[in-house]
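Peer 1: My structure is below; once you've seen it, I'll send some questions.
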Amino acid sequence: QSAQQAGSARPTPPRSAQAERLVRNDVPIRQARTCYDHLAGVVGVQLMDVLLARDWLVLDSDDGKRQHYRLTDTGRDALIARGVDVDGAEAARRLHAFGCTDWTERRHHLGGALGAAVLSALVDAGVATRTPGTRVVAITGSLSDWLA
């Protein structure tokens, strides 16, 4: 059981036939894409794993529908240092940070206002580029360097 799934007894639903094809063919939309306005796909799940492993993000509550997360002080400072508009995400009139079950990976990526702010910072830093007219996100820089 992964750290992000800790505390959850809910089973993960199986992949759809379309998601199975994307995984099998390992197409770009599987690797990195938008889910509404936040980062999803393999890269989105990996980023969530790093945020949790570094204790920048911790499980705050589980309302039975989704898991809600909060930034630790260390995480807040780290994301601000990387250009993430944490204050704007906290002030947004929407869910702040939650585990959004990834369509192809069947694990959580970071949803909510904080997830959108992280993707925006990645784009601003030149690490990610959104592909016009699609949900595909190209990773054009080093995510590891951005996180270092």
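In the structure tokens, chains take the letters A, B, ... in the order shown, each chain's residues start at 1, and ligands count up from 1 in the order shown.
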Assign secondary structure with DSSP using the backbone only, and return the residues of segment 3-144 of chain A in strand (DSSP E or B) as a PyMOL selection string.

Peer 2: chain A and resi 33-35+38-40+57-62+67-71+98-101+108-111+128-130+136-139

Peer 1: Show which residues sit within 12 Å of Thr72 of chain A, as an MDAnalysis selection string. Count only C-alpha atoms, and ignore same-chain residues fewer than 4 positions away.

Peer 2: chainID A and resid 51:52 54:60 76:79 86

Peer 1: Using DSSP on the backbone coordinates, identify all residues within segment 9-138 of chain A classified as alpha helix (DSSP H); present the result as a PyMOL selection string.

Peer 2: chain A and resi 17-25+28-31+41-53+73-81+86-91+112-124

Peer 1: Measuring atom to atom with only C-alpha atoms, identify which of A:Ala91, A:Thr104, A:His68, A:Val45 is nearest to Ala17 of chain A.

Peer 2: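 Closest residue, counting only C-alpha atoms: A:Thr104.
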
Peer 1: So that I can check the surroundings of Gln31 of chain A, please list as a list of chain:residue names every protein, DNA and RNA residue that reaches within 10 Å of it, counting only C-alpha atoms and ignoring chain neighbours fewer than 2 positions away.

Peer 2: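 The residues satisfying every condition are A:Leu22, A:Val23, A:Asp26, A:Val27, A:Pro28, A:Ile29, A:Arg33, A:Ala40, A:Gly41, A:Val42, A:Val43, A:Gly44, A:Val45, A:Thr104, A:Glu105, A:Val136, A:Val137, A:Ala138, A:Ile139.
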
Peer 1: Quick one: residues within 9 Å of His96 of chain A, only C-alpha atoms, excluding same-chain residues fewer than 5 positions away - as a PyMOL selection string?

Peer 2: chain A and resi 68-70+89-91+111-115

Peer 1: Would you save the residues from that selection as a PDB file, in the first residue's frame, using N, CA and C atoms?

Peer 2:
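Generated file (result_17.pdb):
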ATOM      1  N   HIS A  68      -8.006  14.297   1.200  1.00  0.00           N
ATOM      2  CA  HIS A  68      -7.587  15.704   1.191  1.00  0.00           C
ATOM      3  C   HIS A  68      -6.205  15.803   1.823  1.00  0.00           C
ATOM      4  N   TYR A  69      -5.374  16.653   1.250  1.00  0.00           N
ATOM      5  CA  TYR A  69      -4.001  16.801   1.714  1.00  0.00           C
ATOM      6  C   TYR A  69      -3.754  18.230   2.166  1.00  0.00           C
ATOM      7  N   ARG A  70      -2.697  18.389   2.972  1.00  0.00           N
ATOM      8  CA  ARG A  70      -2.265  19.729   3.359  1.00  0.00           C
ATOM      9  C   ARG A  70      -0.766  19.809   3.206  1.00  0.00           C
ATOM     10  N   ALA A  89      -3.293  29.572  -4.296  1.00  0.00           N
ATOM     11  CA  ALA A  89      -3.980  28.275  -4.204  1.00  0.00           C
ATOM     12  C   ALA A  89      -4.768  28.177  -2.904  1.00  0.00           C
ATOM     13  N   GLU A  90      -4.197  28.699  -1.821  1.00  0.00           N
ATOM     14  CA  GLU A  90      -4.889  28.654  -0.528  1.00  0.00           C
ATOM     15  C   GLU A  90      -6.102  29.580  -0.502  1.00  0.00           C
ATOM     16  N   ALA A  91      -6.035  30.660  -1.256  1.00  0.00           N
ATOM     17  CA  ALA A  91      -7.130  31.633  -1.274  1.00  0.00           C
ATOM     18  C   ALA A  91      -8.239  31.259  -2.264  1.00  0.00           C
ATOM     19  N   GLY A 111      -4.691  16.939  -7.236  1.00  0.00           N
ATOM     20  CA  GLY A 111      -5.765  17.742  -7.793  1.00  0.00           C
ATOM     21  C   GLY A 111      -6.001  18.990  -6.963  1.00  0.00           C
ATOM     22  N   GLY A 112      -6.899  19.818  -7.439  1.00  0.00           N
ATOM     23  CA  GLY A 112      -7.282  21.011  -6.705  1.00  0.00           C
ATOM     24  C   GLY A 112      -6.469  22.237  -7.081  1.00  0.00           C
ATOM     25  N   ALA A 113      -6.689  23.303  -6.320  1.00  0.00           N
ATOM     26  CA  ALA A 113      -6.025  24.578  -6.597  1.00  0.00           C
ATOM     27  C   ALA A 113      -4.511  24.454  -6.499  1.00  0.00           C
ATOM     28  N   LEU A 114      -4.028  23.658  -5.553  1.00  0.00           N
ATOM     29  CA  LEU A 114      -2.582  23.484  -5.421  1.00  0.00           C
ATOM     30  C   LEU A 114      -2.022  22.724  -6.627  1.00  0.00           C
ATOM     31  N   GLY A 115      -2.707  21.702  -7.082  1.00  0.00           N
ATOM     32  CA  GLY A 115      -2.274  20.976  -8.273  1.00  0.00           C
ATOM     33  C   GLY A 115      -2.196  21.885  -9.490  1.00  0.00           C
TER      34      GLY A 115
END

Peer 1: Pick out the residues sitting within 6 Å of Gly99 of chain A, and hand them over as a VMD selection string; count only C-alpha atoms, and ignore anything fewer than 4 positions along from it in its own chain.

Peer 2: chain A and resid 67 108 to 111

Peer 1: Using N, CA, C and O atoms, can you export the residues from the last selection as a PDB file, in the first residue's frame?

Peer 2:
ATOM      1  N   GLN A  67      -9.462  11.823  -0.744  1.00  0.00           N
ATOM      2  CA  GLN A  67      -8.476  12.128   0.289  1.00  0.00           C
ATOM      3  C   GLN A  67      -8.017  13.571   0.106  1.00  0.00           C
ATOM      4  O   GLN A  67      -7.677  13.988  -1.006  1.00  0.00           O
ATOM      5  N   HIS A 108      -3.118   8.123  -7.239  1.00  0.00           N
ATOM      6  CA  HIS A 108      -3.399   9.550  -7.127  1.00  0.00           C
ATOM      7  C   HIS A 108      -2.335  10.442  -7.748  1.00  0.00           C
ATOM      8  O   HIS A 108      -1.148  10.184  -7.611  1.00  0.00           O
ATOM      9  N   HIS A 109      -2.840  11.496  -8.401  1.00  0.00           N
ATOM     10  CA  HIS A 109      -2.022  12.661  -8.716  1.00  0.00           C
ATOM     11  C   HIS A 109      -2.644  13.809  -7.924  1.00  0.00           C
ATOM     12  O   HIS A 109      -3.696  13.639  -7.301  1.00  0.00           O
ATOM     13  N   LEU A 110      -1.991  14.952  -7.887  1.00  0.00           N
ATOM     14  CA  LEU A 110      -2.436  16.080  -7.063  1.00  0.00           C
ATOM     15  C   LEU A 110      -3.476  16.914  -7.791  1.00  0.00           C
ATOM     16  O   LEU A 110      -3.189  17.536  -8.815  1.00  0.00           O
ATOM     17  N   GLY A 111      -4.691  16.939  -7.236  1.00  0.00           N
ATOM     18  CA  GLY A 111      -5.765  17.742  -7.793  1.00  0.00           C
ATOM     19  C   GLY A 111      -6.001  18.990  -6.963  1.00  0.00           C
ATOM     20  O   GLY A 111      -5.383  19.187  -5.921  1.00  0.00           O
TER      21      GLY A 111
END

Peer 1: Would you list the contacts of segment 125-129 of chain A as an mmCIF file with N, CA, C and O atoms, in the first residue's frame, taking every protein, DNA or RNA residue within 8 Å and counting only C-alpha atoms, but skipping same-chain residues closer than 4 positions in sequence?

Peer 2:
data_model
loop_
_atom_site.group_PDB
_atom_site.id
_atom_site.type_symbol
_atom_site.label_atom_id
_atom_site.label_comp_id
_atom_site.auth_asym_id
_atom_site.auth_seq_id
_atom_site.Cartn_x
_atom_site.Cartn_y
_atom_site.Cartn_z
ATOM 1 N N GLY A 83 8.490 28.678 -7.228
ATOM 2 C CA GLY A 83 7.592 29.527 -8.009
ATOM 3 C C GLY A 83 6.133 29.150 -7.968
ATOM 4 O O GLY A 83 5.330 29.687 -8.741
ATOM 5 N N LEU A 119 1.274 22.911 -11.655
ATOM 6 C CA LEU A 119 1.413 22.811 -13.109
ATOM 7 C C LEU A 119 1.773 24.164 -13.707
ATOM 8 O O LEU A 119 2.648 24.255 -14.569
ATOM 9 N N ALA A 121 3.439 26.569 -12.311
ATOM 10 C CA ALA A 121 4.843 26.846 -11.995
ATOM 11 C C ALA A 121 5.773 26.019 -12.882
ATOM 12 O O ALA A 121 6.828 26.514 -13.317
ATOM 13 N N VAL A 137 0.826 17.068 -22.101
ATOM 14 C CA VAL A 137 1.835 17.956 -21.531
ATOM 15 C C VAL A 137 3.187 17.344 -21.865
ATOM 16 O O VAL A 137 3.442 16.181 -21.550
ATOM 17 N N ALA A 138 4.039 18.135 -22.512
ATOM 18 C CA ALA A 138 5.395 17.662 -22.814
ATOM 19 C C ALA A 138 6.305 18.095 -21.673
ATOM 20 O O ALA A 138 6.263 19.254 -21.243
ATOM 21 N N ILE A 139 7.092 17.170 -21.183
ATOM 22 C CA ILE A 139 8.080 17.513 -20.158
ATOM 23 C C ILE A 139 9.335 17.928 -20.917
ATOM 24 O O ILE A 139 10.012 17.105 -21.533
ATOM 25 N N THR A 140 9.614 19.222 -20.909
ATOM 26 C CA THR A 140 10.661 19.814 -21.738
ATOM 27 C C THR A 140 11.897 20.188 -20.932
ATOM 28 O O THR A 140 12.902 20.594 -21.502
ATOM 29 N N GLY A 141 11.806 20.056 -19.626
ATOM 30 C CA GLY A 141 12.944 20.331 -18.752
ATOM 31 C C GLY A 141 13.070 19.201 -17.765
ATOM 32 O O GLY A 141 12.379 18.191 -17.846
ATOM 33 N N SER A 142 13.929 19.395 -16.808
ATOM 34 C CA SER A 142 14.166 18.344 -15.812
ATOM 35 C C SER A 142 13.288 18.547 -14.583
ATOM 36 O O SER A 142 13.471 19.513 -13.835
ATOM 37 N N LEU A 143 12.363 17.638 -14.382
ATOM 38 C CA LEU A 143 11.527 17.665 -13.190
ATOM 39 C C LEU A 143 12.389 17.429 -11.954
ATOM 40 O O LEU A 143 12.179 18.061 -10.918
ATOM 41 N N TRP A 146 14.021 20.641 -11.061
ATOM 42 C CA TRP A 146 13.034 21.556 -10.485
ATOM 43 C C TRP A 146 12.767 21.197 -9.030
ATOM 44 O O TRP A 146 12.604 22.071 -8.180
#

Peer 1: Check the smallest atom-to-atom distance from each of A:Arg130, A:Ala97, A:Val84, A:Leu147 to Leu71 of chain A using only C-alpha atoms, then report the winner.

Peer 2: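 Comparing A:Arg130, A:Ala97, A:Val84, A:Leu147 against Leu71 of chain A, the winner is A:Ala97.
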
Peer 1: Which one of A:Thr34, A:Asn25, A:Gln46, A:Ser144 sits closest to Trp103 of chain A if you count only C-alpha atoms?

Peer 2: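 Of all the options, A:Thr34 lies closest to Trp103 of chain A.
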